[in-house]
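Participant: Sharing target00.tsv (TSV, C-alpha atoms) below.
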chain	number	residue	atom	x	y	z
A	6	MET	CA	65.91	96.03	96.81
A	7	PRO	CA	67.33	94.34	99.99
A	8	GLU	CA	67.32	90.99	98.16
A	9	LEU	CA	69.23	92.45	95.23
A	10	THR	CA	71.70	94.10	97.56
A	11	SER	CA	72.46	90.88	99.40
A	12	ARG	CA	72.96	88.95	96.18
A	13	ARG	CA	75.33	91.55	94.85
A	14	GLY	CA	77.12	91.57	98.18
A	15	LEU	CA	77.76	87.85	98.00
A	16	LEU	CA	79.38	88.20	94.61
A	17	PHE	CA	81.07	91.55	94.71
A	18	GLY	CA	81.87	92.45	98.31
A	19	THR	CA	79.67	95.55	98.65
A	20	ALA	CA	79.19	97.32	101.93
A	21	ALA	CA	76.14	95.16	102.57
A	22	ILE	CA	78.33	92.50	104.12
A	23	GLY	CA	81.75	94.10	103.97
A	24	ALA	CA	84.49	93.77	101.41
A	25	GLY	CA	85.66	90.53	102.96
A	26	ALA	CA	83.01	88.53	101.18
A	27	LEU	CA	84.62	89.32	97.84
A	28	LEU	CA	87.23	86.64	97.77
A	29	THR	CA	86.05	83.99	100.16
A	30	SER	CA	85.41	80.58	98.73
A	31	CYS	CA	81.80	79.80	97.96
A	32	THR	CA	79.92	77.11	99.82
A	33	SER	CA	77.84	74.35	98.31
A	34	ASN	CA	75.96	71.20	99.21
A	35	GLU	CA	78.81	69.05	97.94
A	36	SER	CA	80.97	67.10	100.34
A	37	SER	CA	84.29	68.80	101.05
A	38	ASP	CA	86.00	65.60	99.87
A	39	GLU	CA	84.61	65.99	96.37
A	40	PRO	CA	86.45	68.15	93.84
A	41	ALA	CA	84.85	71.44	92.79
A	42	ALA	CA	83.49	71.65	89.27
A	43	ASN	CA	86.38	73.80	88.02
A	44	ASP	CA	88.90	73.26	90.83
A	45	GLN	CA	90.48	76.65	90.11
A	46	PRO	CA	92.76	78.31	92.67
A	47	ALA	CA	90.51	80.81	94.46
A	48	ALA	CA	91.85	83.33	96.93
A	49	ASP	CA	91.00	82.73	100.58
A	50	ASP	CA	92.23	83.85	103.99
A	51	LYS	CA	94.92	81.18	104.27
A	52	PRO	CA	98.51	82.49	104.01
A	53	GLY	CA	100.01	82.06	100.56
A	54	LYS	CA	102.60	83.62	98.32
A	55	GLU	CA	104.07	86.86	99.68
A	56	VAL	CA	102.69	89.89	97.81
A	57	THR	CA	103.85	93.50	98.01
A	58	ILE	CA	101.05	95.90	97.10
A	59	GLY	CA	101.72	99.53	96.29
A	60	PHE	CA	98.82	101.85	97.16
A	61	ALA	CA	98.55	105.38	95.78
A	62	GLY	CA	95.53	107.57	96.45
A	63	PRO	CA	94.72	111.28	96.51
A	64	GLN	CA	95.03	113.48	99.58
A	65	ALA	CA	92.52	112.45	102.24
A	66	ASP	CA	90.87	115.88	102.49
A	67	HIS	CA	87.34	114.47	102.54
A	68	GLY	CA	85.69	111.93	104.84
A	69	TRP	CA	85.15	109.44	102.05
A	70	LEU	CA	88.75	109.66	100.81
A	71	ASN	CA	90.06	109.19	104.35
A	72	ALA	CA	87.84	106.10	104.62
A	73	ILE	CA	89.37	104.80	101.39
A	74	ASN	CA	92.84	104.94	102.96
A	75	ASP	CA	91.63	103.40	106.23
A	76	ASN	CA	89.92	100.53	104.42
A	77	ALA	CA	93.04	99.75	102.39
A	78	LYS	CA	95.32	99.80	105.44
A	79	SER	CA	93.07	97.71	107.67
A	80	ARG	CA	92.44	95.17	104.93
A	81	ALA	CA	96.14	94.69	104.23
A	82	LYS	CA	96.79	94.09	107.94
A	83	LYS	CA	94.42	91.14	107.81
A	84	TYR	CA	96.83	89.17	105.63
A	85	SER	CA	100.18	87.94	106.91
A	86	ASP	CA	101.31	87.47	103.30
A	87	VAL	CA	100.68	91.09	102.25
A	88	THR	CA	103.09	94.01	102.56
A	89	LEU	CA	101.49	97.37	101.84
A	90	GLU	CA	103.61	100.20	100.45
A	91	ILE	CA	101.37	103.25	100.79
A	92	THR	CA	102.10	106.76	99.53
A	93	GLU	CA	101.29	109.98	101.36
A	94	GLY	CA	98.60	110.88	98.85
A	95	SER	CA	98.29	114.07	96.85
A	96	ASN	CA	95.76	116.03	94.81
A	97	ASP	CA	98.63	117.36	92.68
A	98	THR	CA	98.77	115.10	89.63
A	99	ALA	CA	102.52	115.57	89.11
A	100	ALA	CA	103.20	114.63	92.73
A	101	GLN	CA	101.00	111.54	92.52
A	102	ILE	CA	102.66	110.47	89.28
A	103	GLY	CA	106.02	110.75	91.04
A	104	GLN	CA	104.76	108.66	93.95
A	105	ILE	CA	103.52	105.94	91.60
A	106	GLU	CA	106.79	105.96	89.66
A	107	THR	CA	108.60	105.43	92.98
A	108	LEU	CA	106.43	102.36	93.62
A	109	ILE	CA	107.17	101.11	90.11
A	110	ASN	CA	110.91	101.52	90.74
A	111	LYS	CA	110.52	99.56	93.99
A	112	LYS	CA	109.13	96.73	91.84
A	113	VAL	CA	106.01	96.16	93.89
A	114	ASP	CA	104.04	93.11	92.77
A	115	VAL	CA	100.72	94.90	92.20
A	116	LEU	CA	99.61	98.53	92.22
A	117	VAL	CA	96.31	99.86	93.57
A	118	VAL	CA	95.71	103.40	92.34
A	119	LEU	CA	92.89	105.84	93.06
A	120	PRO	CA	93.98	108.69	90.80
A	121	ALA	CA	93.34	112.30	91.68
A	122	ASP	CA	92.59	112.65	87.97
A	123	GLY	CA	92.07	109.50	85.91
A	124	LYS	CA	92.87	111.14	82.57
A	125	ALA	CA	96.04	112.82	83.83
A	126	LEU	CA	97.40	109.62	85.40
A	127	THR	CA	96.64	107.27	82.53
A	128	GLN	CA	100.20	107.34	81.25
A	129	VAL	CA	101.72	106.26	84.57
A	130	GLY	CA	99.16	103.43	84.71
A	131	LEU	CA	100.35	102.34	81.26
A	132	LYS	CA	103.96	102.60	82.46
A	133	ALA	CA	103.26	100.21	85.34
A	134	MET	CA	101.45	97.72	83.12
A	135	ARG	CA	104.33	97.79	80.61
A	136	ALA	CA	106.70	97.10	83.50
A	137	ASN	CA	104.65	93.93	84.19
A	138	ILE	CA	103.17	95.42	87.36
A	139	PRO	CA	99.41	94.87	87.13
A	140	VAL	CA	97.24	97.79	88.22
A	141	ILE	CA	93.99	97.74	90.15
A	142	ASN	CA	92.34	101.02	89.13
A	143	LEU	CA	90.18	102.20	92.02
A	144	ASP	CA	87.09	104.28	91.28
A	145	ARG	CA	88.31	107.23	89.15
A	146	ILE	CA	88.98	105.47	85.90
A	147	PHE	CA	91.95	105.76	83.55
A	148	ASN	CA	91.29	106.74	79.94
A	149	THR	CA	92.10	103.31	78.56
A	150	PRO	CA	91.67	99.74	79.82
A	151	GLN	CA	95.29	99.16	78.79
A	152	ALA	CA	96.32	101.17	81.86
A	153	TYR	CA	94.80	98.71	84.33
A	154	ARG	CA	94.17	95.00	84.81
A	155	CYS	CA	90.99	95.48	86.84
A	156	TRP	CA	88.77	98.44	87.63
A	157	ILE	CA	86.63	98.49	90.78
A	158	GLY	CA	84.46	101.39	91.81
A	159	GLY	CA	81.11	102.84	92.67
A	160	ASP	CA	78.05	103.48	90.55
A	161	ASN	CA	77.39	107.21	90.32
A	162	TYR	CA	74.49	106.83	87.92
A	163	GLY	CA	73.09	104.11	90.20
A	164	MET	CA	73.29	106.47	93.19
A	165	GLY	CA	71.06	108.98	91.45
A	166	LEU	CA	68.77	106.27	90.14
A	167	ASN	CA	68.22	104.68	93.53
A	168	ALA	CA	67.83	108.04	95.28
A	169	GLY	CA	65.21	109.01	92.71
A	170	HIS	CA	63.31	105.75	93.06
A	171	TYR	CA	63.35	105.98	96.88
A	172	ILE	CA	61.96	109.51	96.80
A	173	GLY	CA	59.55	108.56	94.02
A	174	GLU	CA	58.07	105.73	96.02
A	175	LYS	CA	57.64	107.99	99.05
A	176	LEU	CA	55.84	110.65	97.01
A	177	LYS	CA	54.07	108.59	94.37
A	178	ASP	CA	50.64	109.22	95.87
A	179	LYS	CA	51.14	112.96	96.39
A	180	ALA	CA	49.71	115.24	93.72
A	181	ASP	CA	52.07	117.86	92.26
A	182	ALA	CA	55.02	116.80	94.41
A	183	LYS	CA	58.14	118.96	94.20
A	184	VAL	CA	61.76	117.90	94.72
A	185	ILE	CA	65.06	119.78	94.77
A	186	GLU	CA	68.65	118.62	94.33
A	187	LEU	CA	71.86	119.67	96.08
A	188	ALA	CA	74.55	118.37	93.74
A	189	GLY	CA	78.32	118.18	94.02
A	190	LEU	CA	80.95	119.86	91.86
A	191	ASP	CA	79.45	120.38	88.43
A	192	ASN	CA	82.78	120.11	86.63
A	193	LEU	CA	83.07	116.45	87.67
A	194	GLU	CA	81.66	113.71	85.47
A	195	LEU	CA	80.47	111.82	88.55
A	196	THR	CA	78.20	114.72	89.48
A	197	LYS	CA	76.65	114.72	86.02
A	198	GLN	CA	76.09	110.95	86.27
A	199	ARG	CA	74.39	111.26	89.67
A	200	THR	CA	72.07	113.95	88.35
A	201	GLN	CA	71.29	111.96	85.21
A	202	GLY	CA	70.38	108.89	87.25
A	203	PHE	CA	68.16	110.97	89.51
A	204	ASP	CA	66.39	112.62	86.57
A	205	ASP	CA	65.88	109.28	84.82
A	206	ALA	CA	64.31	107.76	87.94
A	207	LEU	CA	61.91	110.68	88.35
A	208	LYS	CA	60.60	110.09	84.82
A	209	ASN	CA	58.78	107.09	86.29
A	210	TYR	CA	56.74	109.39	88.54
A	211	PRO	CA	54.74	111.88	86.46
A	212	ASN	CA	53.34	113.52	89.61
A	213	ILE	CA	56.82	114.64	90.69
A	214	LYS	CA	58.66	117.68	89.34
A	215	LYS	CA	62.20	118.79	90.10
A	216	VAL	CA	61.89	122.51	90.73
A	217	ALA	CA	65.44	123.50	91.70
A	218	ARG	CA	69.04	122.33	91.60
A	219	GLN	CA	72.12	123.87	93.18
A	220	ALA	CA	75.72	122.66	92.89
A	221	ALA	CA	77.91	122.63	96.02
A	222	GLU	CA	81.55	121.53	96.45
A	223	PHE	CA	81.47	118.39	98.60
A	224	THR	CA	82.34	120.45	101.68
A	225	VAL	CA	80.39	121.27	104.85
A	226	GLU	CA	80.72	125.00	104.22
A	227	SER	CA	79.47	124.86	100.63
A	228	GLY	CA	76.64	122.54	101.63
A	229	GLN	CA	75.43	125.00	104.23
A	230	ALA	CA	75.68	128.03	101.94
A	231	LYS	CA	74.04	126.44	98.91
A	232	MET	CA	71.29	124.81	100.98
A	233	ALA	CA	70.49	128.17	102.55
A	234	GLN	CA	70.05	129.60	99.04
A	235	LEU	CA	67.75	126.75	98.04
A	236	LEU	CA	65.62	127.17	101.15
A	237	GLN	CA	65.27	130.88	100.55
A	238	ALA	CA	64.28	130.35	96.92
A	239	GLN	CA	61.89	127.43	97.53
A	240	SER	CA	59.27	128.12	100.16
A	241	LYS	CA	57.71	124.68	99.75
A	242	PHE	CA	58.94	121.35	98.43
A	243	ASP	CA	58.55	117.70	99.39
A	244	ALA	CA	61.98	116.09	99.08
A	245	LEU	CA	65.67	116.89	98.75
A	246	TRP	CA	68.41	114.75	97.33
A	247	ASN	CA	71.89	115.72	98.47
A	248	HIS	CA	74.74	114.07	96.56
A	249	ASP	CA	77.21	113.86	99.45
A	250	ASP	CA	76.93	113.26	103.19
A	251	ASP	CA	79.89	115.53	104.02
A	252	GLN	CA	78.27	118.55	102.40
A	253	GLY	CA	75.04	117.21	103.91
A	254	VAL	CA	76.33	118.13	107.37
A	255	GLY	CA	76.28	121.76	106.25
A	256	ALA	CA	72.93	121.33	104.52
A	257	LEU	CA	71.38	120.04	107.72
A	258	ARG	CA	72.74	123.05	109.61
A	259	ALA	CA	71.07	125.38	107.13
A	260	ILE	CA	67.82	123.43	107.38
A	261	GLU	CA	67.88	123.60	111.19
A	262	GLN	CA	68.66	127.33	111.15
A	263	ALA	CA	65.73	127.90	108.80
A	264	GLY	CA	63.43	125.89	111.07
A	265	ARG	CA	62.30	123.69	108.19
A	266	ASP	CA	61.03	120.14	108.69
A	267	ASP	CA	58.36	119.92	106.00
A	268	PHE	CA	60.21	117.62	103.59
A	269	LEU	CA	62.29	114.44	103.51
A	270	MET	CA	65.99	114.35	102.68
A	271	VAL	CA	68.09	111.62	101.08
A	272	GLY	CA	71.88	111.80	101.30
A	273	GLY	CA	74.72	110.15	99.45
A	274	ALA	CA	77.90	108.13	100.17
A	275	GLY	CA	77.31	106.59	103.62
A	276	ALA	CA	78.83	108.74	106.36
A	277	LEU	CA	78.53	107.58	109.96
A	278	SER	CA	76.87	110.87	110.92
A	279	ALA	CA	74.19	110.22	108.29
A	280	PHE	CA	73.61	106.69	109.58
A	281	GLN	CA	73.27	108.00	113.13
A	282	ALA	CA	70.79	110.69	112.09
A	283	ILE	CA	68.76	108.15	110.13
A	284	LYS	CA	68.67	105.82	113.11
A	285	GLN	CA	67.66	108.62	115.50
A	286	ASP	CA	64.87	109.56	113.06
A	287	ASP	CA	64.06	112.95	114.54
A	288	GLY	CA	64.94	115.13	111.54
A	289	VAL	CA	64.45	115.43	107.79
A	290	LEU	CA	67.24	112.98	106.82
A	291	LYS	CA	65.52	109.67	106.18
A	292	ALA	CA	67.96	107.76	103.97
A	293	THR	CA	71.33	107.83	102.23
A	294	VAL	CA	72.51	106.09	99.07
A	295	LEU	CA	75.83	104.26	99.39
A	296	TYR	CA	79.05	104.89	97.52
A	297	PRO	CA	80.96	102.34	99.60
A	298	PRO	CA	84.56	103.16	100.62
A	299	THR	CA	84.88	99.41	101.30
A	300	MET	CA	85.86	99.28	97.62
A	301	ALA	CA	89.42	100.00	98.79
A	302	ALA	CA	89.39	96.86	100.95
A	303	SER	CA	88.07	94.89	97.99
A	304	ALA	CA	90.83	96.38	95.83
A	305	ILE	CA	93.42	95.00	98.27
A	306	ASP	CA	91.71	91.59	98.08
A	307	LEU	CA	91.83	91.72	94.29
A	308	ALA	CA	95.48	92.81	94.27
A	309	ARG	CA	96.42	89.97	96.61
A	310	ALA	CA	94.58	87.42	94.46
A	311	LEU	CA	96.25	88.82	91.35
A	312	GLY	CA	99.69	88.69	92.93
A	313	GLN	CA	99.12	85.09	93.96
A	314	GLY	CA	97.74	84.09	90.56
A	315	LYS	CA	94.33	83.20	91.98
A	316	GLY	CA	90.74	83.87	91.03
A	317	VAL	CA	87.70	85.04	92.94
A	318	GLY	CA	85.90	82.57	95.16
A	319	GLY	CA	82.29	82.10	94.17
A	320	MET	CA	83.05	82.61	90.48
A	321	ALA	CA	83.88	79.95	87.92
A	322	GLU	CA	86.63	81.87	86.11
A	323	PHE	CA	90.31	81.25	86.79
A	324	GLU	CA	91.10	84.98	86.87
A	325	ILE	CA	89.83	88.03	88.71
A	326	PRO	CA	87.29	90.09	86.70
A	327	ALA	CA	88.31	93.01	84.48
A	328	SER	CA	85.68	95.30	86.00
A	329	ILE	CA	83.53	95.40	89.14
A	330	THR	CA	80.85	98.01	89.76
A	331	LEU	CA	79.56	98.13	93.33
A	332	TYR	CA	75.88	98.47	94.11
A	333	SER	CA	74.48	101.74	95.50
A	334	ALA	CA	72.20	100.44	98.23
A	335	VAL	CA	69.70	102.71	99.95
A	336	VAL	CA	70.10	102.82	103.73
A	337	ASP	CA	67.11	103.92	105.81
A	338	LYS	CA	65.85	103.22	109.33
A	339	GLU	CA	64.82	99.69	108.31
A	340	ASN	CA	68.37	98.52	107.54
A	341	VAL	CA	70.70	101.14	109.03
A	342	ASP	CA	71.98	98.84	111.79
A	343	GLN	CA	73.32	96.46	109.13
A	344	TYR	CA	75.45	99.21	107.60
A	345	MET	CA	76.50	101.15	110.72
A	346	SER	CA	79.95	99.55	110.90
A	347	THR	CA	80.75	100.70	107.35
A	348	GLY	CA	80.00	104.39	107.99
A	349	PHE	CA	82.92	106.76	107.58
A	350	LYS	CA	83.73	109.84	109.70
Go through the file and emit its structure as structure tokens.
Facilitator:
Amino acid sequence: MPELTSRRGLLFGTAAIGAGALLTSCTSNESSDEPAANDQPAADDKPGKEVTIGFAGPQADHGWLNAINDNAKSRAKKYSDVTLEITEGSNDTAAQIGQIETLINKKVDVLVVLPADGKALTQVGLKAMRANIPVINLDRIFNTPQAYRCWIGGDNYGMGLNAGHYIGEKLKDKADAKVIELAGLDNLELTKQRTQGFDDALKNYPNIKKVARQAAEFTVESGQAKMAQLLQAQSKFDALWNHDDDQGVGALRAIEQAGRDDFLMVGGAGALSAFQAIKQDDGVLKATVLYPPTMAASAIDLARALGQGKGVGGMAEFEIPASITLYSAVVDKENVDQYMSTGFK
């Protein structure tokens, strides 16, 4: 898995090496005086054409969403040729539509949008594209590819899959192993995808049975309450997968209050607190599966390249890709130091 992660990182700017790798020019054994095979204009760190990027995201009421905003802002500051027009952010779809329409009226060069609701904001994405303002759709996807030029986001199914395989490998030699799952909001498609990936991975381990599942709400409070219910209902199990590190803070509180330490826990997303607990290695939390907020930094890179009419370094095509899915790496005590700088608060 580490080898796969590093290869993906070189191509697609995952958290393994930071989003900055996404658009840097590739190296080769050729002399710098020789022309590249395709000699296409690839984006790099050198100042180029001035680009104004409009950024619209939801309200930062969750650690991961706040990290999305921070990554976008810090990435834009890296480039002297980028001006970032950022909205306040809202979970109200009408308000976010209005914010995006304001950016359209300002005639920004490129839009980066993480919609509060992809379906509800599809029409304003189409409006921007029809106004010749290309859209980088970040994570929560619009209903039609016509509403964006490029989509970049995480792999929810892959999160569940990799969490399941990690737990499976830890328990593969244990007879009649039992696992439980603390999911996120069940009305979200991403939650269903994470559960499906987890269930599919466990099919590879016939000795393991999932005996309980409880849905929380991606909050500390809900994580604590729902985990307490699971602990009361399940007197013995071997592993827990928790979909989200923010609600995991509450889950860990409930576990500590119950005095339980007889199982291993795998988290999700990549919070700094999770990384620190994994590194300390004195509790049940042994790993977390990434859903990297560095995707927002990569989205800025893509928007800049698009605005400058350039492609992605390390790829042969003249244009940026139409879709990029980031890899959900598993972080445990063996590699946590590598990822520590990407952890969000």
Participant: Please identify all polymer residues within 9 Å of A:Met270, counting only C-alpha atoms, omitting same-chain residues fewer than 4 positions from it, and present them as a PyMOL selection string.
Facilitator: chain A and resi 172+243-247+288-293
Participant: Contacts of A:Gln262 at 9 Å or less, counting all atoms listed in the file, minus same-chain residues fewer than 4 places along, as an MDAnalysis selection string?
Facilitator: chainID A and resid 233 257:258
Participant: Can you write out as CSV which residues of stretch 176-287 of chain A fall within 8 Å of stretch 57-77 of chain A, alongside each residue's closest atom pair and its distance in Å to one decimal, counting all atoms listed in the file and ordering rows by chain and ascending residue number?
Facilitator:
residue,atom,partner,partner_atom,distance
A:Thr224,CA,A:His67,CA,7.8
A:Asp251,CA,A:Gly68,CA,6.9
A:Ala274,CA,A:Trp69,CA,7.6
A:Ala276,CA,A:Trp69,CA,7.7
Participant: Taking (57.0, 113.0, 87.1) in the file's own coordinates, collect the residues within 12 Å, counting all atoms listed in the file, and hand them back as a ChimeraX atom specification.
Facilitator: /A:169-170,172-174,176-184,203-216
Participant: Between A:Asp114, A:Asp306, A:Val254, A:Ala152, single out the one closest to A:Val129, counting all atoms listed in the file.
Facilitator: A:Ala152
Participant: I need stretch 43-152 of chain A from the structure I supplied, saved as a PDB file, in the first residue's frame with C-alpha atoms retained.
Facilitator:
ATOM      1  CA  ASN A  43       5.355  16.539 -26.238  1.00  0.00           C
ATOM      2  CA  ASP A  44       6.699  19.979 -25.282  1.00  0.00           C
ATOM      3  CA  GLN A  45       3.274  20.986 -23.946  1.00  0.00           C
ATOM      4  CA  PRO A  46       2.902  23.991 -21.637  1.00  0.00           C
ATOM      5  CA  ALA A  47       2.769  22.488 -18.146  1.00  0.00           C
ATOM      6  CA  ALA A  48       1.979  24.558 -15.084  1.00  0.00           C
ATOM      7  CA  ASP A  49       4.854  25.214 -12.701  1.00  0.00           C
ATOM      8  CA  ASP A  50       5.696  27.613  -9.885  1.00  0.00           C
ATOM      9  CA  LYS A  51       7.071  30.330 -12.160  1.00  0.00           C
ATOM     10  CA  PRO A  52       4.898  33.471 -12.399  1.00  0.00           C
ATOM     11  CA  GLY A  53       2.714  33.534 -15.501  1.00  0.00           C
ATOM     12  CA  LYS A  54      -0.541  34.981 -16.706  1.00  0.00           C
ATOM     13  CA  GLU A  55      -2.578  36.693 -13.983  1.00  0.00           C
ATOM     14  CA  VAL A  56      -5.554  34.549 -12.924  1.00  0.00           C
ATOM     15  CA  THR A  57      -8.471  35.517 -10.686  1.00  0.00           C
ATOM     16  CA  ILE A  58      -9.987  32.472  -9.012  1.00  0.00           C
ATOM     17  CA  GLY A  59     -13.373  32.590  -7.341  1.00  0.00           C
ATOM     18  CA  PHE A  60     -13.741  30.149  -4.437  1.00  0.00           C
ATOM     19  CA  ALA A  61     -17.123  29.188  -2.986  1.00  0.00           C
ATOM     20  CA  GLY A  62     -17.474  26.564  -0.280  1.00  0.00           C
ATOM     21  CA  PRO A  63     -19.967  25.658   2.435  1.00  0.00           C
ATOM     22  CA  GLN A  64     -19.861  27.020   5.967  1.00  0.00           C
ATOM     23  CA  ALA A  65     -16.770  25.789   7.804  1.00  0.00           C
ATOM     24  CA  ASP A  66     -18.694  24.196  10.682  1.00  0.00           C
ATOM     25  CA  HIS A  67     -16.579  21.035  10.697  1.00  0.00           C
ATOM     26  CA  GLY A  68     -12.830  20.532  11.053  1.00  0.00           C
ATOM     27  CA  TRP A  69     -12.486  19.081   7.576  1.00  0.00           C
ATOM     28  CA  LEU A  70     -14.439  21.906   5.925  1.00  0.00           C
ATOM     29  CA  ASN A  71     -12.357  24.504   7.751  1.00  0.00           C
ATOM     30  CA  ALA A  72      -9.243  22.719   6.471  1.00  0.00           C
ATOM     31  CA  ILE A  73     -10.648  22.943   2.943  1.00  0.00           C
ATOM     32  CA  ASN A  74     -10.831  26.732   3.237  1.00  0.00           C
ATOM     33  CA  ASP A  75      -7.375  26.965   4.820  1.00  0.00           C
ATOM     34  CA  ASN A  76      -5.811  24.831   2.092  1.00  0.00           C
ATOM     35  CA  ALA A  77      -7.356  26.949  -0.662  1.00  0.00           C
ATOM     36  CA  LYS A  78      -6.232  30.229   0.916  1.00  0.00           C
ATOM     37  CA  SER A  79      -2.685  29.126   1.678  1.00  0.00           C
ATOM     38  CA  ARG A  80      -2.246  27.609  -1.766  1.00  0.00           C
ATOM     39  CA  ALA A  81      -3.385  30.769  -3.528  1.00  0.00           C
ATOM     40  CA  LYS A  82      -0.905  32.832  -1.499  1.00  0.00           C
ATOM     41  CA  LYS A  83       1.913  30.755  -2.937  1.00  0.00           C
ATOM     42  CA  TYR A  84       1.370  32.224  -6.403  1.00  0.00           C
ATOM     43  CA  SER A  85       2.075  35.861  -7.189  1.00  0.00           C
ATOM     44  CA  ASP A  86      -0.061  35.531 -10.325  1.00  0.00           C
ATOM     45  CA  VAL A  87      -3.212  34.363  -8.488  1.00  0.00           C
ATOM     46  CA  THR A  88      -5.903  36.558  -6.960  1.00  0.00           C
ATOM     47  CA  LEU A  89      -8.376  34.643  -4.814  1.00  0.00           C
ATOM     48  CA  GLU A  90     -11.939  35.915  -4.464  1.00  0.00           C
ATOM     49  CA  ILE A  91     -13.360  33.832  -1.620  1.00  0.00           C
ATOM     50  CA  THR A  92     -16.942  33.840  -0.361  1.00  0.00           C
ATOM     51  CA  GLU A  93     -18.007  33.645   3.270  1.00  0.00           C
ATOM     52  CA  GLY A  94     -19.403  30.156   2.810  1.00  0.00           C
ATOM     53  CA  SER A  95     -22.889  28.938   3.605  1.00  0.00           C
ATOM     54  CA  ASN A  96     -24.831  25.721   4.124  1.00  0.00           C
ATOM     55  CA  ASP A  97     -27.937  27.470   2.775  1.00  0.00           C
ATOM     56  CA  THR A  98     -28.121  26.533  -0.901  1.00  0.00           C
ATOM     57  CA  ALA A  99     -29.877  29.758  -1.933  1.00  0.00           C
ATOM     58  CA  ALA A 100     -27.206  31.828  -0.189  1.00  0.00           C
ATOM     59  CA  GLN A 101     -24.378  29.875  -1.822  1.00  0.00           C
ATOM     60  CA  ILE A 102     -26.005  30.199  -5.232  1.00  0.00           C
ATOM     61  CA  GLY A 103     -26.146  33.960  -4.681  1.00  0.00           C
ATOM     62  CA  GLN A 104     -22.472  34.034  -3.704  1.00  0.00           C
ATOM     63  CA  ILE A 105     -21.484  32.117  -6.836  1.00  0.00           C
ATOM     64  CA  GLU A 106     -23.617  34.379  -9.033  1.00  0.00           C
ATOM     65  CA  THR A 107     -21.762  37.357  -7.525  1.00  0.00           C
ATOM     66  CA  LEU A 108     -18.457  35.754  -8.552  1.00  0.00           C
ATOM     67  CA  ILE A 109     -19.840  35.137 -12.039  1.00  0.00           C
ATOM     68  CA  ASN A 110     -20.863  38.809 -12.290  1.00  0.00           C
ATOM     69  CA  LYS A 111     -17.343  39.803 -11.216  1.00  0.00           C
ATOM     70  CA  LYS A 112     -16.113  37.834 -14.239  1.00  0.00           C
ATOM     71  CA  VAL A 113     -13.545  35.778 -12.370  1.00  0.00           C
ATOM     72  CA  ASP A 114     -11.368  33.680 -14.669  1.00  0.00           C
ATOM     73  CA  VAL A 115     -12.074  30.316 -13.018  1.00  0.00           C
ATOM     74  CA  LEU A 116     -14.445  29.122 -10.309  1.00  0.00           C
ATOM     75  CA  VAL A 117     -13.668  26.544  -7.621  1.00  0.00           C
ATOM     76  CA  VAL A 118     -16.878  25.339  -5.978  1.00  0.00           C
ATOM     77  CA  LEU A 119     -17.441  22.905  -3.126  1.00  0.00           C
ATOM     78  CA  PRO A 120     -21.239  22.891  -3.100  1.00  0.00           C
ATOM     79  CA  ALA A 121     -23.218  22.463   0.086  1.00  0.00           C
ATOM     80  CA  ASP A 122     -25.483  20.315  -2.093  1.00  0.00           C
ATOM     81  CA  GLY A 123     -24.214  19.196  -5.490  1.00  0.00           C
ATOM     82  CA  LYS A 124     -27.661  18.563  -6.955  1.00  0.00           C
ATOM     83  CA  ALA A 125     -29.089  21.884  -5.780  1.00  0.00           C
ATOM     84  CA  LEU A 126     -26.162  23.898  -7.151  1.00  0.00           C
ATOM     85  CA  THR A 127     -25.899  22.201 -10.529  1.00  0.00           C
ATOM     86  CA  GLN A 128     -27.759  24.984 -12.307  1.00  0.00           C
ATOM     87  CA  VAL A 129     -25.412  27.718 -11.090  1.00  0.00           C
ATOM     88  CA  GLY A 130     -22.472  25.559 -12.202  1.00  0.00           C
ATOM     89  CA  LEU A 131     -24.065  25.369 -15.654  1.00  0.00           C
ATOM     90  CA  LYS A 132     -24.590  29.147 -15.577  1.00  0.00           C
ATOM     91  CA  ALA A 133     -20.887  29.739 -14.958  1.00  0.00           C
ATOM     92  CA  MET A 134     -19.831  27.336 -17.707  1.00  0.00           C
ATOM     93  CA  ARG A 135     -22.222  29.009 -20.168  1.00  0.00           C
ATOM     94  CA  ALA A 136     -20.666  32.343 -19.211  1.00  0.00           C
ATOM     95  CA  ASN A 137     -17.291  30.877 -20.297  1.00  0.00           C
ATOM     96  CA  ILE A 138     -16.079  30.670 -16.702  1.00  0.00           C
ATOM     97  CA  PRO A 139     -14.709  27.145 -16.257  1.00  0.00           C
ATOM     98  CA  VAL A 140     -15.599  25.432 -12.993  1.00  0.00           C
ATOM     99  CA  ILE A 141     -13.459  23.182 -10.826  1.00  0.00           C
ATOM    100  CA  ASN A 142     -16.035  21.114  -8.930  1.00  0.00           C
ATOM    101  CA  LEU A 143     -14.560  20.184  -5.565  1.00  0.00           C
ATOM    102  CA  ASP A 144     -15.650  16.948  -3.898  1.00  0.00           C
ATOM    103  CA  ARG A 145     -19.478  17.101  -3.756  1.00  0.00           C
ATOM    104  CA  ILE A 146     -20.310  16.543  -7.375  1.00  0.00           C
ATOM    105  CA  PHE A 147     -22.798  18.360  -9.600  1.00  0.00           C
ATOM    106  CA  ASN A 148     -25.498  16.303 -11.308  1.00  0.00           C
ATOM    107  CA  THR A 149     -24.002  16.684 -14.764  1.00  0.00           C
ATOM    108  CA  PRO A 150     -20.457  16.955 -16.137  1.00  0.00           C
ATOM    109  CA  GLN A 151     -21.699  19.908 -18.186  1.00  0.00           C
ATOM    110  CA  ALA A 152     -21.658  21.957 -14.964  1.00  0.00           C
TER     111      ALA A 152
END
